Structure formats: C-alpha cells, structure tokens
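Here's upload.cif, which has mmCIF, C-alpha atoms and all ligand atoms:
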data_target
#
loop_
_atom_site.group_PDB
_atom_site.id
_atom_site.type_symbol
_atom_site.label_atom_id
_atom_site.label_comp_id
_atom_site.auth_asym_id
_atom_site.auth_seq_id
_atom_site.Cartn_x
_atom_site.Cartn_y
_atom_site.Cartn_z
ATOM 1 C CA MET A 189 92.560 86.532 82.251
ATOM 2 C CA VAL A 190 89.131 86.901 80.603
ATOM 3 C CA ILE A 191 89.320 89.256 77.621
ATOM 4 C CA ASP A 192 85.659 89.181 76.744
ATOM 5 C CA LYS A 193 84.392 92.777 76.774
ATOM 6 C CA TYR A 194 80.869 91.538 77.354
ATOM 7 C CA ALA A 195 81.850 89.629 80.482
ATOM 8 C CA PRO A 196 80.586 90.961 83.816
ATOM 9 C CA ILE A 197 82.446 92.858 86.509
ATOM 10 C CA GLY A 198 82.782 90.884 89.753
ATOM 11 C CA VAL A 199 82.140 92.933 92.886
ATOM 12 C CA PHE A 200 82.458 91.618 96.423
ATOM 13 C CA ASP A 201 81.990 92.727 99.971
ATOM 14 C CA SER A 202 81.689 91.271 103.457
ATOM 15 C CA GLY A 203 77.914 91.626 103.142
ATOM 16 C CA VAL A 204 75.365 94.118 101.898
ATOM 17 C CA GLY A 205 77.380 97.336 102.297
ATOM 18 C CA GLY A 206 79.181 96.885 98.970
ATOM 19 C CA LEU A 207 75.873 97.523 97.264
ATOM 20 C CA THR A 208 76.720 101.231 97.670
ATOM 21 C CA VAL A 209 79.596 100.536 95.272
ATOM 22 C CA VAL A 210 77.333 98.536 92.941
ATOM 23 C CA ARG A 211 74.913 101.475 92.895
ATOM 24 C CA GLU A 212 77.709 103.787 91.705
ATOM 25 C CA ILE A 213 78.853 101.292 89.055
ATOM 26 C CA MET A 214 75.272 100.964 87.790
ATOM 27 C CA ARG A 215 74.978 104.758 87.558
ATOM 28 C CA ASN A 216 78.376 105.503 86.085
ATOM 29 C CA LEU A 217 79.015 102.436 83.910
ATOM 30 C CA PRO A 218 75.515 101.557 82.734
ATOM 31 C CA ASN A 219 76.775 99.234 79.987
ATOM 32 C CA GLU A 220 78.467 96.876 82.391
ATOM 33 C CA ARG A 221 77.056 93.623 83.688
ATOM 34 C CA ILE A 222 77.703 92.834 87.354
ATOM 35 C CA VAL A 223 78.099 89.705 89.467
ATOM 36 C CA TYR A 224 77.970 90.615 93.156
ATOM 37 C CA PHE A 225 78.934 88.443 96.086
ATOM 38 C CA GLY A 226 78.111 89.462 99.677
ATOM 39 C CA ASP A 227 79.673 87.339 102.415
ATOM 40 C CA THR A 228 76.674 87.682 104.729
ATOM 41 C CA ALA A 229 77.532 84.458 106.591
ATOM 42 C CA ARG A 230 80.878 85.806 107.784
ATOM 43 C CA VAL A 231 80.256 89.545 108.126
ATOM 44 C CA PRO A 232 81.683 91.651 109.764
ATOM 45 C CA TYR A 233 85.206 91.724 108.369
ATOM 46 C CA GLY A 234 85.891 94.996 110.189
ATOM 47 C CA SER A 235 86.901 93.307 113.428
ATOM 48 C CA LYS A 236 88.786 90.361 111.895
ATOM 49 C CA SER A 237 92.490 89.714 111.368
ATOM 50 C CA LYS A 238 94.394 90.112 108.132
ATOM 51 C CA ASN A 239 94.849 86.340 107.730
ATOM 52 C CA THR A 240 91.155 85.658 108.027
ATOM 53 C CA VAL A 241 90.105 88.446 105.656
ATOM 54 C CA LEU A 242 92.758 87.314 103.177
ATOM 55 C CA ARG A 243 91.519 83.720 103.289
ATOM 56 C CA TYR A 244 87.919 84.841 102.744
ATOM 57 C CA SER A 245 88.925 87.171 99.911
ATOM 58 C CA ARG A 246 90.826 84.413 98.094
ATOM 59 C CA GLN A 247 87.788 82.130 98.270
ATOM 60 C CA ILE A 248 85.555 84.863 96.886
ATOM 61 C CA VAL A 249 87.909 85.678 94.008
ATOM 62 C CA ARG A 250 87.950 81.972 93.107
ATOM 63 C CA PHE A 251 84.141 81.939 93.194
ATOM 64 C CA LEU A 252 83.899 85.051 90.981
ATOM 65 C CA GLN A 253 86.318 83.505 88.504
ATOM 66 C CA THR A 254 83.812 80.689 87.970
ATOM 67 C CA LYS A 255 81.428 83.412 86.713
ATOM 68 C CA GLN A 256 83.962 84.435 84.045
ATOM 69 C CA VAL A 257 84.312 88.006 85.283
ATOM 70 C CA LYS A 258 86.679 90.293 83.366
ATOM 71 C CA ALA A 259 87.695 92.414 86.399
ATOM 72 C CA ILE A 260 87.037 92.471 90.131
ATOM 73 C CA VAL A 261 86.174 95.332 92.450
ATOM 74 C CA VAL A 262 86.848 94.763 96.139
ATOM 75 C CA ALA A 263 83.974 96.907 97.386
ATOM 76 C CA CYS A 264 84.817 96.306 101.042
ATOM 77 C CA ASN A 265 87.172 98.858 102.594
ATOM 78 C CA THR A 266 88.423 96.323 105.128
ATOM 79 C CA ALA A 267 89.220 93.689 102.486
ATOM 80 C CA SER A 268 90.800 96.398 100.313
ATOM 81 C CA ALA A 269 92.998 97.419 103.242
ATOM 82 C CA LEU A 270 93.918 93.912 104.419
ATOM 83 C CA ALA A 271 93.904 91.653 101.351
ATOM 84 C CA LEU A 272 94.120 93.607 98.091
ATOM 85 C CA ASP A 273 97.921 93.673 97.797
ATOM 86 C CA GLU A 274 98.120 89.880 97.993
ATOM 87 C CA ILE A 275 95.169 88.936 95.797
ATOM 88 C CA GLU A 276 96.206 91.458 93.147
ATOM 89 C CA THR A 277 99.466 89.598 92.655
ATOM 90 C CA GLU A 278 98.114 86.074 93.153
ATOM 91 C CA PHE A 279 95.361 86.138 90.532
ATOM 92 C CA ASP A 280 95.624 86.776 86.823
ATOM 93 C CA ILE A 281 92.762 89.249 86.650
ATOM 94 C CA PRO A 282 92.590 93.038 87.085
ATOM 95 C CA ILE A 283 91.496 93.801 90.662
ATOM 96 C CA ILE A 284 90.862 97.195 92.224
ATOM 97 C CA GLY A 285 89.834 98.198 95.716
ATOM 98 C CA VAL A 286 88.071 101.199 97.207
ATOM 99 C CA VAL A 287 90.810 102.598 99.448
ATOM 100 C CA LYS A 288 93.211 103.909 96.802
ATOM 101 C CA PRO A 289 90.581 105.881 94.836
ATOM 102 C CA GLY A 290 89.170 107.365 98.058
ATOM 103 C CA ALA A 291 92.617 108.333 99.367
ATOM 104 C CA HIS A 292 93.592 109.894 96.047
ATOM 105 C CA VAL A 293 90.543 112.150 95.808
ATOM 106 C CA ALA A 294 90.830 113.233 99.442
ATOM 107 C CA THR A 295 94.457 114.219 98.760
ATOM 108 C CA LYS A 296 93.310 116.400 95.850
ATOM 109 C CA THR A 297 90.423 117.875 97.861
ATOM 110 C CA THR A 298 92.001 119.069 101.090
ATOM 111 C CA VAL A 299 93.132 122.679 101.223
ATOM 112 C CA LYS A 300 94.073 122.801 104.894
ATOM 113 C CA LYS A 301 96.007 119.558 104.428
ATOM 114 C CA ARG A 302 94.102 117.927 107.269
ATOM 115 C CA ILE A 303 92.013 114.865 106.451
ATOM 116 C CA GLY A 304 89.798 112.721 108.670
ATOM 117 C CA VAL A 305 89.082 109.050 107.945
ATOM 118 C CA ILE A 306 86.240 107.093 109.497
ATOM 119 C CA ALA A 307 86.196 103.330 108.954
ATOM 120 C CA THR A 308 86.085 99.947 110.676
ATOM 121 C CA GLU A 309 88.558 99.010 113.388
ATOM 122 C CA SER A 310 90.644 96.828 111.032
ATOM 123 C CA THR A 311 90.805 99.469 108.288
ATOM 124 C CA ILE A 312 91.949 102.117 110.765
ATOM 125 C CA GLN A 313 94.517 99.741 112.281
ATOM 126 C CA SER A 314 95.887 98.857 108.837
ATOM 127 C CA ASN A 315 96.877 102.523 108.486
ATOM 128 C CA LEU A 316 96.428 102.211 104.715
ATOM 129 C CA TYR A 317 94.498 105.454 104.146
ATOM 130 C CA PRO A 318 97.187 107.596 105.884
ATOM 131 C CA THR A 319 99.984 105.636 104.171
ATOM 132 C CA LEU A 320 98.569 106.189 100.672
ATOM 133 C CA ILE A 321 97.758 109.841 101.341
ATOM 134 C CA ARG A 322 101.225 110.590 102.714
ATOM 135 C CA LYS A 323 102.833 108.814 99.791
ATOM 136 C CA GLU A 324 101.103 111.288 97.475
ATOM 137 C CA ALA A 325 101.452 114.336 99.697
ATOM 138 C CA PRO A 326 103.774 113.999 102.705
ATOM 139 C CA ASP A 327 102.637 117.366 104.110
ATOM 140 C CA ILE A 328 99.079 116.137 104.763
ATOM 141 C CA THR A 329 98.070 115.085 108.273
ATOM 142 C CA VAL A 330 95.520 112.290 108.550
ATOM 143 C CA PHE A 331 93.370 111.564 111.587
ATOM 144 C CA GLY A 332 91.563 108.226 111.803
ATOM 145 C CA LYS A 333 88.570 107.162 113.869
ATOM 146 C CA ALA A 334 86.983 103.713 113.988
ATOM 147 C CA CYS A 335 83.185 103.887 114.122
ATOM 148 C CA PRO A 336 82.099 100.256 114.702
ATOM 149 C CA LEU A 337 78.501 101.067 115.670
ATOM 150 C CA PHE A 338 77.670 102.617 112.297
ATOM 151 C CA VAL A 339 77.465 99.275 110.437
ATOM 152 C CA PRO A 340 74.745 97.710 112.638
ATOM 153 C CA LEU A 341 72.847 101.006 112.816
ATOM 154 C CA VAL A 342 72.740 101.261 109.024
ATOM 155 C CA GLU A 343 71.717 97.614 108.681
ATOM 156 C CA GLU A 344 68.931 98.288 111.167
ATOM 157 C CA GLY A 345 67.746 101.040 108.816
ATOM 158 C CA TRP A 346 68.416 103.782 111.390
ATOM 159 C CA THR A 347 70.116 106.115 108.951
ATOM 160 C CA LYS A 348 68.141 109.168 110.084
ATOM 161 C CA ASP A 349 67.539 108.213 113.698
ATOM 162 C CA PRO A 350 68.379 110.550 116.625
ATOM 163 C CA ILE A 351 70.313 107.707 118.243
ATOM 164 C CA THR A 352 72.559 107.391 115.193
ATOM 165 C CA TYR A 353 72.956 111.165 115.178
ATOM 166 C CA GLU A 354 74.119 111.083 118.800
ATOM 167 C CA VAL A 355 76.527 108.195 118.091
ATOM 168 C CA ALA A 356 77.952 110.110 115.119
ATOM 169 C CA ARG A 357 78.314 113.281 117.171
ATOM 170 C CA ARG A 358 80.354 111.383 119.786
ATOM 171 C CA TYR A 359 82.515 109.561 117.252
ATOM 172 C CA LEU A 360 83.273 112.701 115.271
ATOM 173 C CA ALA A 361 83.810 115.198 118.097
ATOM 174 C CA GLY A 362 87.541 114.428 118.322
ATOM 175 C CA LEU A 363 88.049 114.691 114.558
ATOM 176 C CA LEU A 364 86.219 118.007 114.375
ATOM 177 C CA GLU A 365 88.590 119.431 116.989
ATOM 178 C CA LYS A 366 91.469 118.642 114.606
ATOM 179 C CA ASP A 367 90.223 121.249 112.123
ATOM 180 C CA ILE A 368 89.920 118.822 109.193
ATOM 181 C CA ASP A 369 88.372 120.074 105.936
ATOM 182 C CA THR A 370 87.903 116.639 104.287
ATOM 183 C CA LEU A 371 86.344 113.484 105.695
ATOM 184 C CA ILE A 372 86.645 110.084 103.985
ATOM 185 C CA MET A 373 83.651 107.800 104.527
ATOM 186 C CA GLY A 374 85.982 104.779 104.550
ATOM 187 C CA CYS A 375 83.449 101.994 104.998
ATOM 188 C CA THR A 376 80.833 100.663 102.600
ATOM 189 C CA HIS A 377 77.922 101.568 104.875
ATOM 190 C CA TYR A 378 78.839 105.161 105.624
ATOM 191 C CA PRO A 379 77.654 106.762 102.348
ATOM 192 C CA LEU A 380 74.168 105.703 103.484
ATOM 193 C CA LEU A 381 74.674 108.037 106.460
ATOM 194 C CA ARG A 382 75.731 110.913 104.269
ATOM 195 C CA SER A 383 72.957 113.367 105.161
ATOM 196 C CA LEU A 384 73.250 112.609 108.870
ATOM 197 C CA LEU A 385 77.035 113.022 108.734
ATOM 198 C CA ARG A 386 76.545 116.278 106.850
ATOM 199 C CA GLU A 387 74.398 117.555 109.717
ATOM 200 C CA VAL A 388 77.021 116.560 112.267
ATOM 201 C CA VAL A 389 80.082 117.989 110.477
ATOM 202 C CA GLY A 390 78.441 121.081 108.971
ATOM 203 C CA GLU A 391 78.808 122.517 105.473
ATOM 204 C CA LYS A 392 82.518 123.311 105.477
ATOM 205 C CA ILE A 393 83.869 119.769 105.448
ATOM 206 C CA THR A 394 83.959 117.860 102.146
ATOM 207 C CA LEU A 395 82.674 114.295 102.446
ATOM 208 C CA VAL A 396 84.567 111.869 100.202
ATOM 209 C CA ASN A 397 82.698 108.768 99.032
ATOM 210 C CA PRO A 398 85.202 106.083 97.942
ATOM 211 C CA ALA A 399 82.333 104.166 96.283
ATOM 212 C CA TYR A 400 81.843 106.903 93.694
ATOM 213 C CA GLU A 401 85.582 107.367 93.199
ATOM 214 C CA THR A 402 86.000 103.619 92.686
ATOM 215 C CA SER A 403 83.418 103.590 89.901
ATOM 216 C CA GLN A 404 85.462 106.302 88.172
ATOM 217 C CA ALA A 405 88.685 104.321 88.710
ATOM 218 C CA LEU A 406 86.988 101.230 87.272
ATOM 219 C CA LYS A 407 85.921 103.207 84.220
ATOM 220 C CA ARG A 408 89.522 104.322 83.636
ATOM 221 C CA LEU A 409 90.860 100.801 84.174
ATOM 222 C CA LEU A 410 88.442 99.217 81.672
ATOM 223 C CA ARG A 411 89.250 101.907 79.117
ATOM 224 C CA GLU A 412 92.993 101.382 79.576
ATOM 225 C CA LEU A 413 92.666 97.616 79.153
ATOM 226 C CA GLU A 414 90.175 98.019 76.288
ATOM 227 C CA LEU A 415 87.683 96.001 78.266
ATOM 228 C CA GLU A 416 84.719 98.399 78.270
ATOM 229 C CA ASN A 417 81.476 96.775 77.220
ATOM 230 C CA PRO A 418 80.846 98.442 73.856
ATOM 231 C CA GLN A 419 77.172 97.570 73.634
ATOM 232 C CA PRO A 420 74.945 100.475 74.701
ATOM 233 C CA TYR A 421 72.674 99.278 77.479
ATOM 234 C CA TRP A 422 69.517 100.440 75.717
ATOM 235 C CA GLU A 423 70.236 98.049 72.833
ATOM 236 C CA LYS A 424 70.387 95.048 75.095
ATOM 237 C CA GLN A 425 67.630 92.495 75.232
ATOM 238 C CA GLU A 426 68.717 91.524 78.722
ATOM 239 C CA SER A 427 66.502 92.312 81.694
ATOM 240 C CA ASN A 428 68.074 93.819 84.807
ATOM 241 C CA ASP A 429 67.816 90.422 86.469
ATOM 242 C CA GLU A 430 70.039 88.907 83.789
ATOM 243 C CA LYS A 431 72.415 91.835 83.710
ATOM 244 C CA TYR A 432 72.882 92.077 87.483
ATOM 245 C CA ARG A 433 73.304 88.854 89.438
ATOM 246 C CA PHE A 434 73.550 88.636 93.209
ATOM 247 C CA PHE A 435 75.011 85.897 95.386
ATOM 248 C CA SER A 436 75.399 85.717 99.147
ATOM 249 C CA SER A 437 76.618 83.186 101.687
ATOM 250 C CA ASP A 438 73.580 83.448 103.981
ATOM 251 C CA GLY A 439 70.205 85.135 104.526
ATOM 252 C CA VAL A 440 69.247 85.701 100.910
ATOM 253 C CA GLU A 441 65.891 87.231 101.814
ATOM 254 C CA ARG A 442 67.417 89.760 104.138
ATOM 255 C CA PHE A 443 69.988 90.474 101.463
ATOM 256 C CA ASN A 444 67.254 91.113 98.887
ATOM 257 C CA ALA A 445 65.380 93.443 101.219
ATOM 258 C CA PHE A 446 68.492 95.524 101.837
ATOM 259 C CA ALA A 447 69.401 95.518 98.143
ATOM 260 C CA ASN A 448 65.985 96.846 97.287
ATOM 261 C CA SER A 449 66.429 99.734 99.703
ATOM 262 C CA VAL A 450 69.778 100.717 98.150
ATOM 263 C CA LEU A 451 69.653 99.913 94.432
ATOM 264 C CA PRO A 452 67.759 101.838 91.762
ATOM 265 C CA TYR A 453 65.798 98.764 90.655
ATOM 266 C CA GLU A 454 64.174 95.777 92.336
ATOM 267 C CA THR A 455 66.331 92.654 92.696
ATOM 268 C CA LYS A 456 64.126 89.606 92.608
ATOM 269 C CA SER A 457 66.439 86.840 93.603
ATOM 270 C CA THR A 458 69.750 86.300 95.272
ATOM 271 C CA THR A 459 71.447 82.920 95.055
ATOM 272 C CA LEU A 460 72.968 81.193 98.072
ATOM 273 C CA VAL A 461 76.620 80.119 97.723
ATOM 274 C CA GLN A 462 78.611 77.746 99.963
ATOM 275 C CA ILE A 463 81.683 79.938 99.829
ATOM 276 C CA ASP A 464 83.800 77.583 101.979
ATOM 277 C CA GLU A 465 83.874 75.213 99.038
ATOM 278 C CA PHE A 466 85.979 77.596 96.936
HETATM 279 N N1 LIG A 501 82.260 96.229 104.301
HETATM 280 C C1 LIG A 501 82.997 96.629 105.475
HETATM 281 C C2 LIG A 501 83.929 97.784 105.109
HETATM 282 O O1 LIG A 501 83.724 98.510 104.175
HETATM 283 C C3 LIG A 501 82.050 97.027 106.607
HETATM 284 C C4 LIG A 501 81.332 95.863 107.234
HETATM 285 C C5 LIG A 501 82.254 94.868 107.886
HETATM 286 O O2 LIG A 501 82.847 95.155 108.945
HETATM 287 O O3 LIG A 501 82.416 93.803 107.316
HETATM 288 O O4 LIG A 501 84.916 97.973 105.767
#

Once more with this new file: its structure as structure tokens, please.
Amino acid sequence: MVIDKYAPIGVFDSGVGGLTVVREIMRNLPNERIVYFGDTARVPYGSKSKNTVLRYSRQIVRFLQTKQVKAIVVACNTASALALDEIETEFDIPIIGVVKPGAHVATKTTVKKRIGVIATESTIQSNLYPTLIRKEAPDITVFGKACPLFVPLVEEGWTKDPITYEVARRYLAGLLEKDIDTLIMGCTHYPLLRSLLREVVGEKITLVNPAYETSQALKRLLRELELENPQPYWEKQESNDEKYRFFSSDGVERFNAFANSVLPYETKSTTLVQIDEF
C-alpha cells in the first residue's frame, strides 16, 4: 500500500462517464491529485457479464498501481456492482465504489420509504442497490429500472433534447406510478441528465447523485487513513495538467472533447494505454 499523502487518487470507469465523479472530486477535494483511466476501447460495461467486468477491473487496478496511487475510486456503477467486492480483497490498496455511498444517502433521504434506482442493465440485475438499502433499512421498498439508451444519448450530447426527454418519460413512467420520493441516478452518465430528469419527475422527488456522495466518502476515507494531501492547492507549483492526468484505452481525441465538456478546466492531452497488457 502506498502511504505517500502526496500520491494521486486513481479513478476508473468504463469510459468517459466517470468524469462526473472526477468533477466532484476536483470540487470537493481540491488538494488531491488524480490519475483517471477510461476504458473507452471496451465500453459499455453495462451489458457485460460479471466475469468480464471483473477481468477488466483487475487489469485497470494493476495499471493504476503503476502510477503509485494511494487509493482507488471505482467511478463506474456497473464495475462497483459487479467487481468491487473481489478487487477490494485482492489488492492491498483502499478501494471504494459509487454504489454504497449512493445507496446510503438514498436510505437517509426517503421519507415514504420508496426509492427508485435507474442504472445500466448489469447494475440493475446485480440487485446491489436494493440489497445495500435493505441491509440498512429493511422497511424500504426499492424499484429498479434499466435505462440503456441514456448512455449513448448523453455521449451524443443530447442532454437537453426532446428525444431524450421522451425516452426518459417512457423509462420513468413505471417508477413514477410506484409513488417513490427518491431517485438514485445509478450510472455515471445520468447526473449529466439531471435537469431533464428533474423536468420529467417533477419537484417532489429527490435526485441522488452517487458521484457527489462518493467524493464525500472518499474525503472521509482519506481522513480516516491519514492520507489526505496536506498541501493546500493554491501553494502548489503544479499546473492542472500535471495535477490531473488522463488515460484511455482508445479514442483519446474524443475522450478529450468529452472531458472538456464536463470538467471545470481544459484537459490538453490524454494518453493511450494498451490495457490488455496489464
Ligand atoms: N459507467 C457505466 C456505469 O456507471 C455506464 C456506461 C457503461 O455501460 O459502461 O454503469
């Protein structure tokens, strides 16, 4: 385990969606350096089996370890649901995912004790959100809905498009009939649809963003392990390009373009990685 407080946090996802988690880490833990890996060559994970996602996740953790990271955030909901338990025990490094923090906050938020979860097919099938919620509060009922079209629509940039609105209306109609008061946006891309989802579900339903909750969980974890970077970011000589490093397994230009639409600063270069070699 790396015990260098100045070491970066490793963050990974199946592609670009995990940048919504990076954005929250940048905002809420501004001292921390980040190494991000997006598996753009093998995305989507949301329709793949546990074995495949586990194999990919192991390779990525091994890659991030070569960057001397002090902790790892599995920014992908699908990988968190399918692979976190195993990689947490296999590697000697603190690893957190996005599902647990999202489930925990939703449990604290619901008053009617009726929660909706939207996510990829594999995350919904894993049943992890309902399992974690019921472990904390057995009297809560959880309703899941896979929304596979959201990922390509977001990547197309159609976050405010009438077509996406119509797709969301159809996906969510069943959940809205269940009288939920809390909705977990259980996929990396969905926080980018927040205002559209707000329009569809109305004002009375609380939208839970696991990306934000994960940044708070990471803050607590680093504090507990005494691994917080003590150097205030304004004292650093480092430029953002040194502090935040991005790697992907394909399409680095497309990756950069998406990153620049999500992150609060311009990323200039993303490095290509042959992830199969790890
Ligand atoms: N990152 C994935 C997730 O949060 C969405 C994209 C994919 O299917 O790989 O579940």

Quick one: which chain A residues come within 9 Å of ligand LIG 501 (chain A), and what is the nearest atom pair for each with the distance in Å to one decimal, counting all atoms listed in the file, rows ordered by chain and ascending number, as CSV?
residue,atom,partner,partner_atom,distance
A:Asp201,CA,A:LIG501,N1,5.6
A:Ser202,CA,A:LIG501,O3,4.7
A:Gly203,CA,A:LIG501,N1,6.4
A:Val204,CA,A:LIG501,N1,7.6
A:Gly205,CA,A:LIG501,N1,5.4
A:Gly206,CA,A:LIG501,N1,6.2
A:Asp227,CA,A:LIG501,O3,8.6
A:Thr228,CA,A:LIG501,O3,8.8
A:Arg230,CA,A:LIG501,O3,8.2
A:Val231,CA,A:LIG501,O3,4.8
A:Pro232,CA,A:LIG501,O3,3.3
A:Tyr233,CA,A:LIG501,O3,3.6
A:Gly234,CA,A:LIG501,O2,3.3
A:Ser235,CA,A:LIG501,O2,6.3
A:Lys236,CA,A:LIG501,O2,8.2
A:Ala263,CA,A:LIG501,O1,7.0
A:Cys264,CA,A:LIG501,O1,4.0
A:Asn265,CA,A:LIG501,O1,3.8
A:Thr266,CA,A:LIG501,O4,3.9
A:Ala267,CA,A:LIG501,O4,6.9
A:Ser268,CA,A:LIG501,O4,8.2
A:Ala269,CA,A:LIG501,O4,8.5
A:Val286,CA,A:LIG501,O1,8.6
A:Ala307,CA,A:LIG501,O4,6.4
A:Thr308,CA,A:LIG501,O4,5.4
A:Glu309,CA,A:LIG501,O2,8.2
A:Ser310,CA,A:LIG501,O4,7.9
A:Thr311,CA,A:LIG501,O4,6.6
A:Pro336,CA,A:LIG501,O2,7.7
A:Val339,CA,A:LIG501,C4,6.1
A:Pro340,CA,A:LIG501,C4,8.7
A:Gly374,CA,A:LIG501,O1,6.7
A:Cys375,CA,A:LIG501,O1,3.6
A:Thr376,CA,A:LIG501,O1,3.9
A:His377,CA,A:LIG501,C3,6.4
A:Tyr378,CA,A:LIG501,O1,8.4

field: Best match for closeness to Glu365 in chain A among A:Trp346, A:Tyr353, A:Phe435, A:Phe331, counting only C-alpha atoms
entry: A:Phe331

message: Quick check on the file I pasted: which residues fall under the PyMOL selection byres (((chain A and resi 397-409) around 8) and not hetatm)? Write them as a ChimeraX atom specification.
response: /A:208-209,212-213,216-217,261,263,284-287,289-291,293,372-374,376,379,395-396,410-413,416

Could you name the residues that touch Lys258 in chain A at 10 Å or less, counting only C-alpha atoms, but leaving out those on the same chain fewer than 2 positions away, as a PDB file with C-alpha atoms, in the coordinates of the input?
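Once everything was written out, this is selection_27.pdb:
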ATOM      1  CA  MET A 189      92.560  86.532  82.251  1.00  0.00           C
ATOM      2  CA  VAL A 190      89.131  86.901  80.603  1.00  0.00           C
ATOM      3  CA  ILE A 191      89.320  89.256  77.621  1.00  0.00           C
ATOM      4  CA  ASP A 192      85.659  89.181  76.744  1.00  0.00           C
ATOM      5  CA  LYS A 193      84.392  92.777  76.774  1.00  0.00           C
ATOM      6  CA  TYR A 194      80.869  91.538  77.354  1.00  0.00           C
ATOM      7  CA  ALA A 195      81.850  89.629  80.482  1.00  0.00           C
ATOM      8  CA  PRO A 196      80.586  90.961  83.816  1.00  0.00           C
ATOM      9  CA  ILE A 197      82.446  92.858  86.509  1.00  0.00           C
ATOM     10  CA  GLY A 198      82.782  90.884  89.753  1.00  0.00           C
ATOM     11  CA  LEU A 252      83.899  85.051  90.981  1.00  0.00           C
ATOM     12  CA  GLN A 253      86.318  83.505  88.504  1.00  0.00           C
ATOM     13  CA  LYS A 255      81.428  83.412  86.713  1.00  0.00           C
ATOM     14  CA  GLN A 256      83.962  84.435  84.045  1.00  0.00           C
ATOM     15  CA  ILE A 260      87.037  92.471  90.131  1.00  0.00           C
ATOM     16  CA  ILE A 281      92.762  89.249  86.650  1.00  0.00           C
ATOM     17  CA  PRO A 282      92.590  93.038  87.085  1.00  0.00           C
ATOM     18  CA  ILE A 283      91.496  93.801  90.662  1.00  0.00           C
ATOM     19  CA  LEU A 410      88.442  99.217  81.672  1.00  0.00           C
ATOM     20  CA  LEU A 415      87.683  96.001  78.266  1.00  0.00           C
ATOM     21  CA  GLU A 416      84.719  98.399  78.270  1.00  0.00           C
TER      22      GLU A 416
END

Find the residues of range 352-449 of chain A that sit at most 9 Å from range 462-465 of chain A; for each, write down the nearest two atoms and how far apart they are in Å, to one decimal. Count all atoms listed in the file. Sort by chain, then by number going up, and give it as a tab-separated table.
residue	atom	partner	partner_atom	distance
A:Ser436	CA	A:Ile463	CA	8.6
A:Ser437	CA	A:Gln462	CA	6.0
A:Asp438	CA	A:Gln462	CA	8.6
